[in-house]
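Quick look at protein35.pdb (PDB, C-alpha atoms):
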```pdb
ATOM      1  CA  MET A   1       2.157 -20.075  -4.084
ATOM      2  CA  ASN A   2       5.912 -20.109  -3.539
ATOM      3  CA  ALA A   3       8.478 -17.362  -3.854
ATOM      4  CA  ASP A   4       9.810 -18.671  -7.189
ATOM      5  CA  ALA A   5       6.335 -18.580  -8.727
ATOM      6  CA  VAL A   6       5.849 -14.998  -7.553
ATOM      7  CA  ALA A   7       9.243 -14.025  -8.992
ATOM      8  CA  ALA A   8       8.360 -15.689 -12.313
ATOM      9  CA  LEU A   9       5.157 -13.623 -12.613
ATOM     10  CA  ILE A  10       7.005 -10.380 -11.970
ATOM     11  CA  ARG A  11       9.731 -11.398 -14.419
ATOM     12  CA  GLU A  12       7.150 -12.026 -17.122
ATOM     13  CA  ALA A  13       5.958  -8.415 -16.842
ATOM     14  CA  MET A  14       9.413  -6.934 -16.233
ATOM     15  CA  PRO A  15      11.943  -9.091 -18.086
ATOM     16  CA  ASP A  16      14.671  -6.477 -17.645
ATOM     17  CA  ALA A  17      14.421  -6.382 -13.844
ATOM     18  CA  ARG A  18      16.518  -7.955 -11.163
ATOM     19  CA  ILE A  19      14.020  -9.738  -8.913
ATOM     20  CA  GLU A  20      14.460 -11.389  -5.552
ATOM     21  CA  VAL A  21      11.468 -12.789  -3.701
ATOM     22  CA  ARG A  22      11.483 -14.322  -0.244
ATOM     23  CA  GLY A  23       8.688 -15.859   1.796
ATOM     24  CA  ASP A  24       8.203 -19.302   3.317
ATOM     25  CA  ASP A  25       4.546 -19.439   4.309
ATOM     26  CA  GLY A  26       3.045 -19.237   0.820
ATOM     27  CA  VAL A  27       1.000 -16.070   1.423
ATOM     28  CA  HIS A  28       3.375 -13.388   2.736
ATOM     29  CA  PHE A  29       6.305 -12.316   0.592
ATOM     30  CA  GLU A  30       9.115  -9.803   0.486
ATOM     31  CA  ALA A  31      10.413  -8.691  -2.862
ATOM     32  CA  LEU A  32      13.262  -6.598  -4.171
ATOM     33  CA  VAL A  33      12.743  -5.397  -7.732
ATOM     34  CA  VAL A  34      15.460  -3.401  -9.480
ATOM     35  CA  SER A  35      14.694  -1.898 -12.862
ATOM     36  CA  GLU A  36      15.638   1.028 -15.101
ATOM     37  CA  ARG A  37      11.930   1.416 -15.703
ATOM     38  CA  PHE A  38      11.479   2.925 -12.222
ATOM     39  CA  GLU A  39      13.601   5.939 -13.167
ATOM     40  CA  GLY A  40      11.622   9.125 -12.509
ATOM     41  CA  GLN A  41       8.718   7.279 -10.863
ATOM     42  CA  ALA A  42       7.416   7.806  -7.333
ATOM     43  CA  THR A  43       7.316   4.766  -5.076
ATOM     44  CA  LEU A  44       3.526   4.565  -5.403
ATOM     45  CA  GLN A  45       3.815   4.177  -9.176
ATOM     46  CA  ARG A  46       6.604   1.604  -8.856
ATOM     47  CA  HIS A  47       4.591  -0.521  -6.460
ATOM     48  CA  ARG A  48       1.564  -0.334  -8.773
ATOM     49  CA  THR A  49       3.696  -1.687 -11.626
ATOM     50  CA  VAL A  50       4.721  -4.711  -9.555
ATOM     51  CA  TYR A  51       1.207  -5.259  -8.217
ATOM     52  CA  ALA A  52      -0.125  -5.125 -11.773
ATOM     53  CA  ALA A  53       2.212  -7.979 -12.714
ATOM     54  CA  LEU A  54       0.627 -10.096  -9.977
ATOM     55  CA  GLY A  55      -2.904  -9.141 -10.951
ATOM     56  CA  GLU A  56      -5.740 -10.790  -9.084
ATOM     57  CA  LEU A  57      -3.388 -12.838  -6.933
ATOM     58  CA  MET A  58      -2.635  -9.734  -4.860
ATOM     59  CA  GLY A  59      -4.902  -9.591  -1.849
ATOM     60  CA  ARG A  60      -6.113 -13.147  -2.524
ATOM     61  CA  GLU A  61      -3.541 -15.946  -2.833
ATOM     62  CA  ILE A  62      -0.898 -13.407  -1.926
ATOM     63  CA  HIS A  63      -2.023 -11.823   1.345
ATOM     64  CA  ALA A  64       0.806  -9.401   1.648
ATOM     65  CA  MET A  65       3.819  -8.309  -0.298
ATOM     66  CA  SER A  66       6.469  -6.123   1.203
ATOM     67  CA  LEU A  67       8.116  -4.314  -1.691
ATOM     68  CA  GLN A  68      11.405  -2.600  -2.246
ATOM     69  CA  THR A  69      11.549  -1.022  -5.708
ATOM     70  CA  LEU A  70      14.791   0.593  -6.829
ATOM     71  CA  THR A  71      16.572   1.767  -9.932
ATOM     72  CA  PRO A  72      20.044   0.266 -10.509
ATOM     73  CA  ALA A  73      21.566   3.647  -9.545
ATOM     74  CA  GLU A  74      19.620   3.723  -6.277
ATOM     75  CA  LEU A  75      20.713   0.187  -5.486
ATOM     76  CA  ASP A  76      24.370   1.111  -6.041
ATOM     77  CA  ALA A  77      23.972   4.194  -3.852
ATOM     78  CA  GLY A  78      22.946   1.730  -1.210
TER
ATOM     79  CA  MET B   1     -18.619  -0.488  -7.803
ATOM     80  CA  ASN B   2     -22.038   1.029  -7.222
ATOM     81  CA  GLU B   3     -22.524   4.774  -7.068
ATOM     82  CA  GLU B   4     -23.529   4.721  -3.403
ATOM     83  CA  THR B   5     -20.285   3.035  -2.349
ATOM     84  CA  LYS B   6     -18.235   5.418  -4.471
ATOM     85  CA  GLN B   7     -19.953   8.413  -2.876
ATOM     86  CA  LYS B   8     -19.359   6.951   0.575
ATOM     87  CA  ILE B   9     -15.627   6.664  -0.142
ATOM     88  CA  GLU B  10     -15.451  10.194  -1.534
ATOM     89  CA  GLN B  11     -17.351  11.556   1.461
ATOM     90  CA  GLN B  12     -14.954   9.847   3.878
ATOM     91  CA  LEU B  13     -11.973  11.252   1.982
ATOM     92  CA  ARG B  14     -13.435  14.777   2.014
ATOM     93  CA  ASP B  15     -14.257  14.630   5.724
ATOM     94  CA  ASN B  16     -10.884  13.283   6.862
ATOM     95  CA  PRO B  17      -7.674  14.940   5.661
ATOM     96  CA  VAL B  18      -5.622  12.044   7.024
ATOM     97  CA  LEU B  19      -7.479   8.764   6.673
ATOM     98  CA  LEU B  20      -6.237   5.228   7.146
ATOM     99  CA  TYR B  21      -8.217   2.304   5.764
ATOM    100  CA  MET B  22      -6.958  -0.578   7.849
ATOM    101  CA  LYS B  23      -7.680  -4.000   9.281
ATOM    102  CA  GLY B  24      -8.854  -3.516  12.857
ATOM    103  CA  SER B  25      -8.530  -0.256  14.775
ATOM    104  CA  PRO B  26      -5.476   1.791  15.789
ATOM    105  CA  ASP B  27      -5.612   0.325  19.300
ATOM    106  CA  PHE B  28      -6.426  -3.187  18.105
ATOM    107  CA  PRO B  29      -4.900  -3.614  14.657
ATOM    108  CA  MET B  30      -5.698  -7.014  13.136
ATOM    109  CA  CYS B  31      -2.665  -7.163  10.877
ATOM    110  CA  GLY B  32       1.007  -6.361  11.308
ATOM    111  CA  PHE B  33       1.124  -3.999   8.346
ATOM    112  CA  SER B  34      -1.803  -1.969   9.645
ATOM    113  CA  ALA B  35      -0.087  -1.861  13.051
ATOM    114  CA  GLN B  36       3.173  -0.571  11.542
ATOM    115  CA  THR B  37       1.359   2.142   9.619
ATOM    116  CA  VAL B  38      -0.474   3.288  12.765
ATOM    117  CA  ALA B  39       2.871   3.347  14.589
ATOM    118  CA  ALA B  40       4.377   5.583  11.870
ATOM    119  CA  LEU B  41       1.426   7.996  12.042
ATOM    120  CA  ARG B  42       1.566   8.121  15.833
ATOM    121  CA  ALA B  43       5.320   8.670  15.763
ATOM    122  CA  VAL B  44       4.780  11.905  13.814
ATOM    123  CA  GLU B  45       1.848  12.846  16.062
ATOM    124  CA  ALA B  46      -0.553  12.825  13.147
ATOM    125  CA  GLU B  47      -4.223  13.302  13.790
ATOM    126  CA  PHE B  48      -5.860  10.664  11.673
ATOM    127  CA  ALA B  49      -9.192   8.987  11.183
ATOM    128  CA  HIS B  50      -9.516   5.313  10.401
ATOM    129  CA  VAL B  51     -11.975   2.960   8.735
ATOM    130  CA  ASN B  52     -11.878  -0.689   9.738
ATOM    131  CA  ILE B  53     -12.433  -2.408   6.398
ATOM    132  CA  LEU B  54     -13.085  -5.733   8.149
ATOM    133  CA  GLU B  55     -16.338  -4.172   9.342
ATOM    134  CA  GLU B  56     -17.134  -2.643   5.925
ATOM    135  CA  PRO B  57     -17.329  -5.553   3.480
ATOM    136  CA  ASP B  58     -18.817  -3.394   0.717
ATOM    137  CA  LEU B  59     -15.937  -0.924   0.956
ATOM    138  CA  ARG B  60     -13.273  -3.581   1.151
ATOM    139  CA  GLU B  61     -13.441  -4.608  -2.519
ATOM    140  CA  ALA B  62     -14.703  -1.287  -3.854
ATOM    141  CA  LEU B  63     -11.821   0.742  -2.459
ATOM    142  CA  LYS B  64      -9.252  -1.521  -4.127
ATOM    143  CA  ALA B  65     -10.821  -0.693  -7.479
ATOM    144  CA  TYR B  66     -11.256   2.986  -6.609
ATOM    145  CA  SER B  67      -7.616   3.428  -5.677
ATOM    146  CA  ASN B  68      -6.054   0.871  -8.025
ATOM    147  CA  TRP B  69      -4.253  -0.552  -4.991
ATOM    148  CA  PRO B  70      -4.735  -4.203  -4.101
ATOM    149  CA  THR B  71      -4.010  -4.432  -0.376
ATOM    150  CA  TYR B  72      -4.587  -2.862   3.047
ATOM    151  CA  PRO B  73      -3.708  -0.669   4.818
ATOM    152  CA  GLN B  74      -4.220   2.312   2.490
ATOM    153  CA  LEU B  75      -3.209   5.755   3.729
ATOM    154  CA  TYR B  76      -4.838   8.861   2.241
ATOM    155  CA  ILE B  77      -3.761  12.445   2.807
ATOM    156  CA  ASN B  78      -6.025  15.181   1.435
ATOM    157  CA  GLY B  79      -7.982  12.655  -0.566
ATOM    158  CA  GLU B  80      -4.925  11.232  -2.344
ATOM    159  CA  LEU B  81      -3.608   7.727  -1.875
ATOM    160  CA  VAL B  82      -0.154   7.976  -0.322
ATOM    161  CA  GLY B  83       0.452   4.235  -0.276
ATOM    162  CA  GLY B  84       0.478   1.159   1.896
ATOM    163  CA  CYS B  85       2.626   0.157   4.829
ATOM    164  CA  ASP B  86       5.974   0.055   2.989
ATOM    165  CA  ILE B  87       5.537   3.565   1.622
ATOM    166  CA  ALA B  88       4.255   4.990   4.928
ATOM    167  CA  VAL B  89       7.254   3.562   6.786
ATOM    168  CA  GLU B  90       9.650   4.748   4.062
ATOM    169  CA  MET B  91       8.163   8.254   4.287
ATOM    170  CA  TYR B  92       8.398   8.162   8.065
ATOM    171  CA  ASN B  93      12.088   7.280   7.809
ATOM    172  CA  SER B  94      12.771  10.041   5.282
ATOM    173  CA  GLY B  95      10.891  12.663   7.325
ATOM    174  CA  GLU B  96       8.410  13.211   4.515
ATOM    175  CA  LEU B  97       5.461  11.825   6.460
ATOM    176  CA  LYS B  98       5.991  14.337   9.245
ATOM    177  CA  LYS B  99       6.069  17.185   6.721
ATOM    178  CA  MET B 100       2.917  15.981   4.992
ATOM    179  CA  VAL B 101       0.845  15.717   8.136
ATOM    180  CA  ALA B 102       2.268  18.975   9.534
ATOM    181  CA  ALA B 103       1.362  20.825   6.325
ATOM    182  CA  ASN B 104      -2.090  19.601   7.008
ATOM    183  CA  ASP B 105      -2.648  21.122  10.468
TER
END
```

Can you turn what I pasted into C-alpha cells?
Amino acid sequence: MNADAVAALIREAMPDARIEVRGDDGVHFEALVVSERFEGQATLQRHRTVYAALGELMGREIHAMSLQTLTPAELDAG
Amino acid sequence: MNEETKQKIEQQLRDNPVLLYMKGSPDFPMCGFSAQTVAALRAVEAEFAHVNILEEPDLREALKAYSNWPTYPQLYINGELVGGCDIAVEMYNSGELKKMVAAND
C-alpha cells in the first residue's frame, strides 16, 4: 500500500475533499483531509468518515493512520 | 460478536469510568500511539484503567465492531468512545481532556 493508493480510496468516497497522504513504510500513514462535509461534525465523526472510506484495510494492511480532518474554514484559520 | 464478548465489553465499560483499550500496558506500551495516549492521560493526572488487547484476542476484533472504530488505542470515558490517539492528543492540547477526566472524579 502506498500513500497515493490510500489517497485515491479516500478521494473515491469524498470527491470534494482536499486530501494529502504521507507515509513511506507502506503501513503507517498521515493524512490531511479538508472537506465542507465536516462542518458541524465532532472529530470522532470526521475520523469515522475517513476510516469508512478505507474499509477493511484499516487495522490490516494499514496499521495506523494519523488523521487531521478540517473544514476549509478551519484550515484557513490555521 | 458473541453475546458473552459483548457483555464482557459492557461490564468493563461500566466498571471503569476512564478506560483505555491499548496495545501493551501503560508502563510497557507496545505501540507508539498507545504510548502517546497514556502520556496524555498521565499529563492530566487521570485515573484510568487499561485493557491490553494483545492479551485479549477475542476482544480485539469484537471491540472494533462494537465501537465502529478500526484501530487501537481506543479511549472510553463514561462508557462512550472518545477516540483514538489523535483525538486524545488533540483534546489534551485544547484542555478538554483535563475537563472530562476532572468532571469524572

Checklist entry - So which residues get picked by the ChimeraX specification (/A :<10) & /B here, written as a list of chain:residue names? => result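 Applying the expression gives B:Phe33, B:Glu61, B:Lys64, B:Asn68, B:Trp69, B:Pro70, B:Thr71, B:Tyr72, B:Leu81, B:Val82, B:Gly83, B:Gly84, B:Cys85, B:Asp86, B:Ile87, B:Glu90.
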
Next on the checklist: If I take CA of Asp16 (chain A) and CA of Arg46 (chain A), how far is one from the other in Å, to one decimal?
Outcome noted: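 We find that CA of Asp16 (chain A) and CA of Arg46 (chain A) lie 14.4 Å from each other.
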
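Residue membership of the PyMOL selection byres ((chain A and resi 17-29) around 8) in the shown file amounts to Met1, Asn2, Ala3, Asp4, Val6, Ala7, Ile10, Arg11, Met14, Pro15, Asp16, Glu30, Ala31, Leu32, Val33, Val34, Ser35, Glu36, Glu61, Ile62, His63, Ala64, Met65 and Ser66 of chain A.
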
Please produce a file of those selected residues containing C-alpha atoms, as a PDB file, in the coordinates of the input.
```pdb
ATOM      1  CA  MET A   1       2.157 -20.075  -4.084  1.00  0.00           C
ATOM      2  CA  ASN A   2       5.912 -20.109  -3.539  1.00  0.00           C
ATOM      3  CA  ALA A   3       8.478 -17.362  -3.854  1.00  0.00           C
ATOM      4  CA  ASP A   4       9.810 -18.671  -7.189  1.00  0.00           C
ATOM      5  CA  VAL A   6       5.849 -14.998  -7.553  1.00  0.00           C
ATOM      6  CA  ALA A   7       9.243 -14.025  -8.992  1.00  0.00           C
ATOM      7  CA  ILE A  10       7.005 -10.380 -11.970  1.00  0.00           C
ATOM      8  CA  ARG A  11       9.731 -11.398 -14.419  1.00  0.00           C
ATOM      9  CA  MET A  14       9.413  -6.934 -16.233  1.00  0.00           C
ATOM     10  CA  PRO A  15      11.943  -9.091 -18.086  1.00  0.00           C
ATOM     11  CA  ASP A  16      14.671  -6.477 -17.645  1.00  0.00           C
ATOM     12  CA  GLU A  30       9.115  -9.803   0.486  1.00  0.00           C
ATOM     13  CA  ALA A  31      10.413  -8.691  -2.862  1.00  0.00           C
ATOM     14  CA  LEU A  32      13.262  -6.598  -4.171  1.00  0.00           C
ATOM     15  CA  VAL A  33      12.743  -5.397  -7.732  1.00  0.00           C
ATOM     16  CA  VAL A  34      15.460  -3.401  -9.480  1.00  0.00           C
ATOM     17  CA  SER A  35      14.694  -1.898 -12.862  1.00  0.00           C
ATOM     18  CA  GLU A  36      15.638   1.028 -15.101  1.00  0.00           C
ATOM     19  CA  GLU A  61      -3.541 -15.946  -2.833  1.00  0.00           C
ATOM     20  CA  ILE A  62      -0.898 -13.407  -1.926  1.00  0.00           C
ATOM     21  CA  HIS A  63      -2.023 -11.823   1.345  1.00  0.00           C
ATOM     22  CA  ALA A  64       0.806  -9.401   1.648  1.00  0.00           C
ATOM     23  CA  MET A  65       3.819  -8.309  -0.298  1.00  0.00           C
ATOM     24  CA  SER A  66       6.469  -6.123   1.203  1.00  0.00           C
TER      25      SER A  66
END
```

Item to check | Of the listed residues A:Gln41, A:Ala5, A:Ala13, A:Ala73, that which approaches Ala53 (chain A) most closely, counting only C-alpha atoms | outcome: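 Using only C-alpha atoms, the shortest distance to Ala53 (chain A) belongs to A:Ala13.
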
Just so the selection is clear, what residues does the PyMOL selection byres ((chain B and resi 18) around 12) cover here, as an mmCIF file with C-alpha atoms, in the coordinates of the input?
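Output saved as result02.cif:
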```
data_model
loop_
_atom_site.group_PDB
_atom_site.id
_atom_site.type_symbol
_atom_site.label_atom_id
_atom_site.label_comp_id
_atom_site.auth_asym_id
_atom_site.auth_seq_id
_atom_site.Cartn_x
_atom_site.Cartn_y
_atom_site.Cartn_z
ATOM 1 C CA GLN B 12 -14.954 9.847 3.878
ATOM 2 C CA LEU B 13 -11.973 11.252 1.982
ATOM 3 C CA ARG B 14 -13.435 14.777 2.014
ATOM 4 C CA ASP B 15 -14.257 14.630 5.724
ATOM 5 C CA ASN B 16 -10.884 13.283 6.862
ATOM 6 C CA PRO B 17 -7.674 14.940 5.661
ATOM 7 C CA LEU B 19 -7.479 8.764 6.673
ATOM 8 C CA LEU B 20 -6.237 5.228 7.146
ATOM 9 C CA TYR B 21 -8.217 2.304 5.764
ATOM 10 C CA VAL B 38 -0.474 3.288 12.765
ATOM 11 C CA LEU B 41 1.426 7.996 12.042
ATOM 12 C CA GLU B 45 1.848 12.846 16.062
ATOM 13 C CA ALA B 46 -0.553 12.825 13.147
ATOM 14 C CA GLU B 47 -4.223 13.302 13.790
ATOM 15 C CA PHE B 48 -5.860 10.664 11.673
ATOM 16 C CA ALA B 49 -9.192 8.987 11.183
ATOM 17 C CA HIS B 50 -9.516 5.313 10.401
ATOM 18 C CA VAL B 51 -11.975 2.960 8.735
ATOM 19 C CA GLN B 74 -4.220 2.312 2.490
ATOM 20 C CA LEU B 75 -3.209 5.755 3.729
ATOM 21 C CA TYR B 76 -4.838 8.861 2.241
ATOM 22 C CA ILE B 77 -3.761 12.445 2.807
ATOM 23 C CA ASN B 78 -6.025 15.181 1.435
ATOM 24 C CA GLY B 79 -7.982 12.655 -0.566
ATOM 25 C CA GLU B 80 -4.925 11.232 -2.344
ATOM 26 C CA LEU B 81 -3.608 7.727 -1.875
ATOM 27 C CA VAL B 82 -0.154 7.976 -0.322
ATOM 28 C CA LEU B 97 5.461 11.825 6.460
ATOM 29 C CA MET B 100 2.917 15.981 4.992
ATOM 30 C CA VAL B 101 0.845 15.717 8.136
ATOM 31 C CA ALA B 102 2.268 18.975 9.534
ATOM 32 C CA ALA B 103 1.362 20.825 6.325
ATOM 33 C CA ASN B 104 -2.090 19.601 7.008
ATOM 34 C CA ASP B 105 -2.648 21.122 10.468
#
```

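We find CA of Glu55 (chain B) and CA of Ala43 (chain B) to be spaced 26.0 Å apart.
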
Item to check | d(CA of Glu74 (chain A), CA of Gly40 (chain A)) in Å | outcome: 11.5 Å

Next on the checklist: Which residue is closest to Met22 (chain B)? Choose from B:Glu56, B:Glu96, B:Glu10, B:Glu4 and count only C-alpha atoms.
Outcome noted: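 The shortest atom-to-atom distance to Met22 (chain B) comes from B:Glu56.
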
Next on the checklist: Considering all atoms listed in the file, can you say which of B:Asp27, B:Glu3, B:Pro73, B:Ser34 comes closest to Arg60 (chain B)?
Outcome noted: B:Pro73

Determine, counting all atoms listed in the file, which protein, DNA and RNA residues have an atom within 10 Å of an atom of Asn2 (chain B); residues of the same chain fewer than 4 positions away are not included. Present the result as a PDB file with C-alpha atoms, in the coordinates of the input.
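Written file, result-v2.pdb:
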```pdb
ATOM      1  CA  LYS B   6     -18.235   5.418  -4.471  1.00  0.00           C
ATOM      2  CA  GLN B   7     -19.953   8.413  -2.876  1.00  0.00           C
ATOM      3  CA  ASP B  58     -18.817  -3.394   0.717  1.00  0.00           C
ATOM      4  CA  ALA B  62     -14.703  -1.287  -3.854  1.00  0.00           C
TER       5      ALA B  62
END
```

Checklist entry - For Lys23 (chain B), which residue out of B:Gln36, B:Ser67, B:Ser94, B:Asn52 is the nearest one, using all atoms listed in the file? => result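 Nearest to Lys23 (chain B): B:Asn52.
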
Output as a PDB file, in the coordinates of the input: region 28-39 of chain B, completed with all heavy atoms.
```pdb
ATOM      1  N   PHE B  28      -6.394  -1.734  18.282  1.00  0.00           N
ATOM      2  CA  PHE B  28      -6.426  -3.187  18.105  1.00  0.00           C
ATOM      3  C   PHE B  28      -6.291  -3.555  16.634  1.00  0.00           C
ATOM      4  O   PHE B  28      -7.223  -4.071  16.014  1.00  0.00           O
ATOM      5  CB  PHE B  28      -7.725  -3.770  18.691  1.00  0.00           C
ATOM      6  CG  PHE B  28      -7.816  -3.625  20.169  1.00  0.00           C
ATOM      7  CD1 PHE B  28      -8.553  -2.577  20.726  1.00  0.00           C
ATOM      8  CD2 PHE B  28      -7.144  -4.503  21.021  1.00  0.00           C
ATOM      9  CE1 PHE B  28      -8.622  -2.415  22.109  1.00  0.00           C
ATOM     10  CE2 PHE B  28      -7.220  -4.343  22.401  1.00  0.00           C
ATOM     11  CZ  PHE B  28      -7.956  -3.298  22.943  1.00  0.00           C
ATOM     12  N   PRO B  29      -5.105  -3.262  16.064  1.00  0.00           N
ATOM     13  CA  PRO B  29      -4.900  -3.614  14.657  1.00  0.00           C
ATOM     14  C   PRO B  29      -4.942  -5.133  14.484  1.00  0.00           C
ATOM     15  O   PRO B  29      -4.445  -5.868  15.342  1.00  0.00           O
ATOM     16  CB  PRO B  29      -3.521  -3.040  14.337  1.00  0.00           C
ATOM     17  CG  PRO B  29      -2.863  -2.794  15.647  1.00  0.00           C
ATOM     18  CD  PRO B  29      -3.920  -2.663  16.685  1.00  0.00           C
ATOM     19  N   MET B  30      -5.543  -5.569  13.369  1.00  0.00           N
ATOM     20  CA  MET B  30      -5.698  -7.014  13.136  1.00  0.00           C
ATOM     21  C   MET B  30      -4.677  -7.527  12.123  1.00  0.00           C
ATOM     22  O   MET B  30      -4.810  -8.643  11.631  1.00  0.00           O
ATOM     23  CB  MET B  30      -7.114  -7.303  12.612  1.00  0.00           C
ATOM     24  CG  MET B  30      -8.224  -6.872  13.544  1.00  0.00           C
ATOM     25  SD  MET B  30      -8.188  -7.755  15.121  1.00  0.00           S
ATOM     26  CE  MET B  30      -8.815  -9.349  14.574  1.00  0.00           C
ATOM     27  N   CYS B  31      -3.685  -6.727  11.829  1.00  0.00           N
ATOM     28  CA  CYS B  31      -2.665  -7.163  10.877  1.00  0.00           C
ATOM     29  C   CYS B  31      -1.405  -6.352  11.139  1.00  0.00           C
ATOM     30  O   CYS B  31      -1.474  -5.189  11.536  1.00  0.00           O
ATOM     31  CB  CYS B  31      -3.195  -7.019   9.450  1.00  0.00           C
ATOM     32  SG  CYS B  31      -2.160  -6.166   8.272  1.00  0.00           S
ATOM     33  N   GLY B  32      -0.261  -6.994  10.980  1.00  0.00           N
ATOM     34  CA  GLY B  32       1.007  -6.361  11.308  1.00  0.00           C
ATOM     35  C   GLY B  32       1.301  -5.116  10.478  1.00  0.00           C
ATOM     36  O   GLY B  32       1.907  -4.167  10.966  1.00  0.00           O
ATOM     37  N   PHE B  33       0.847  -5.135   9.221  1.00  0.00           N
ATOM     38  CA  PHE B  33       1.124  -3.999   8.346  1.00  0.00           C
ATOM     39  C   PHE B  33       0.281  -2.791   8.747  1.00  0.00           C
ATOM     40  O   PHE B  33       0.760  -1.658   8.730  1.00  0.00           O
ATOM     41  CB  PHE B  33       0.855  -4.377   6.885  1.00  0.00           C
ATOM     42  CG  PHE B  33       1.724  -5.509   6.411  1.00  0.00           C
ATOM     43  CD1 PHE B  33       1.248  -6.804   6.384  1.00  0.00           C
ATOM     44  CD2 PHE B  33       3.029  -5.272   6.030  1.00  0.00           C
ATOM     45  CE1 PHE B  33       2.049  -7.855   5.973  1.00  0.00           C
ATOM     46  CE2 PHE B  33       3.846  -6.311   5.611  1.00  0.00           C
ATOM     47  CZ  PHE B  33       3.357  -7.615   5.589  1.00  0.00           C
ATOM     48  N   SER B  34      -0.977  -3.061   9.134  1.00  0.00           N
ATOM     49  CA  SER B  34      -1.803  -1.969   9.645  1.00  0.00           C
ATOM     50  C   SER B  34      -1.192  -1.412  10.926  1.00  0.00           C
ATOM     51  O   SER B  34      -1.138  -0.192  11.133  1.00  0.00           O
ATOM     52  CB  SER B  34      -3.239  -2.458   9.909  1.00  0.00           C
ATOM     53  OG  SER B  34      -3.933  -2.680   8.697  1.00  0.00           O
ATOM     54  N   ALA B  35      -0.695  -2.288  11.781  1.00  0.00           N
ATOM     55  CA  ALA B  35      -0.087  -1.861  13.051  1.00  0.00           C
ATOM     56  C   ALA B  35       1.130  -0.972  12.803  1.00  0.00           C
ATOM     57  O   ALA B  35       1.303   0.065  13.449  1.00  0.00           O
ATOM     58  CB  ALA B  35       0.307  -3.082  13.881  1.00  0.00           C
ATOM     59  N   GLN B  36       1.964  -1.365  11.834  1.00  0.00           N
ATOM     60  CA  GLN B  36       3.173  -0.571  11.542  1.00  0.00           C
ATOM     61  C   GLN B  36       2.821   0.805  11.001  1.00  0.00           C
ATOM     62  O   GLN B  36       3.497   1.796  11.285  1.00  0.00           O
ATOM     63  CB  GLN B  36       4.019  -1.275  10.479  1.00  0.00           C
ATOM     64  CG  GLN B  36       4.840  -2.432  10.999  1.00  0.00           C
ATOM     65  CD  GLN B  36       5.678  -3.022   9.874  1.00  0.00           C
ATOM     66  OE1 GLN B  36       6.399  -2.314   9.176  1.00  0.00           O
ATOM     67  NE2 GLN B  36       5.578  -4.320   9.682  1.00  0.00           N
ATOM     68  N   THR B  37       1.762   0.859  10.198  1.00  0.00           N
ATOM     69  CA  THR B  37       1.359   2.142   9.619  1.00  0.00           C
ATOM     70  C   THR B  37       0.809   3.066  10.709  1.00  0.00           C
ATOM     71  O   THR B  37       1.124   4.261  10.735  1.00  0.00           O
ATOM     72  CB  THR B  37       0.321   1.905   8.499  1.00  0.00           C
ATOM     73  OG1 THR B  37       0.846   0.932   7.594  1.00  0.00           O
ATOM     74  CG2 THR B  37       0.026   3.175   7.741  1.00  0.00           C
ATOM     75  N   VAL B  38       0.015   2.517  11.619  1.00  0.00           N
ATOM     76  CA  VAL B  38      -0.474   3.288  12.765  1.00  0.00           C
ATOM     77  C   VAL B  38       0.714   3.803  13.580  1.00  0.00           C
ATOM     78  O   VAL B  38       0.750   4.975  13.983  1.00  0.00           O
ATOM     79  CB  VAL B  38      -1.403   2.422  13.650  1.00  0.00           C
ATOM     80  CG1 VAL B  38      -1.649   3.088  14.995  1.00  0.00           C
ATOM     81  CG2 VAL B  38      -2.721   2.157  12.938  1.00  0.00           C
ATOM     82  N   ALA B  39       1.700   2.945  13.798  1.00  0.00           N
ATOM     83  CA  ALA B  39       2.871   3.347  14.589  1.00  0.00           C
ATOM     84  C   ALA B  39       3.600   4.517  13.925  1.00  0.00           C
ATOM     85  O   ALA B  39       4.034   5.456  14.611  1.00  0.00           O
ATOM     86  CB  ALA B  39       3.814   2.154  14.773  1.00  0.00           C
TER      87      ALA B  39
END
```
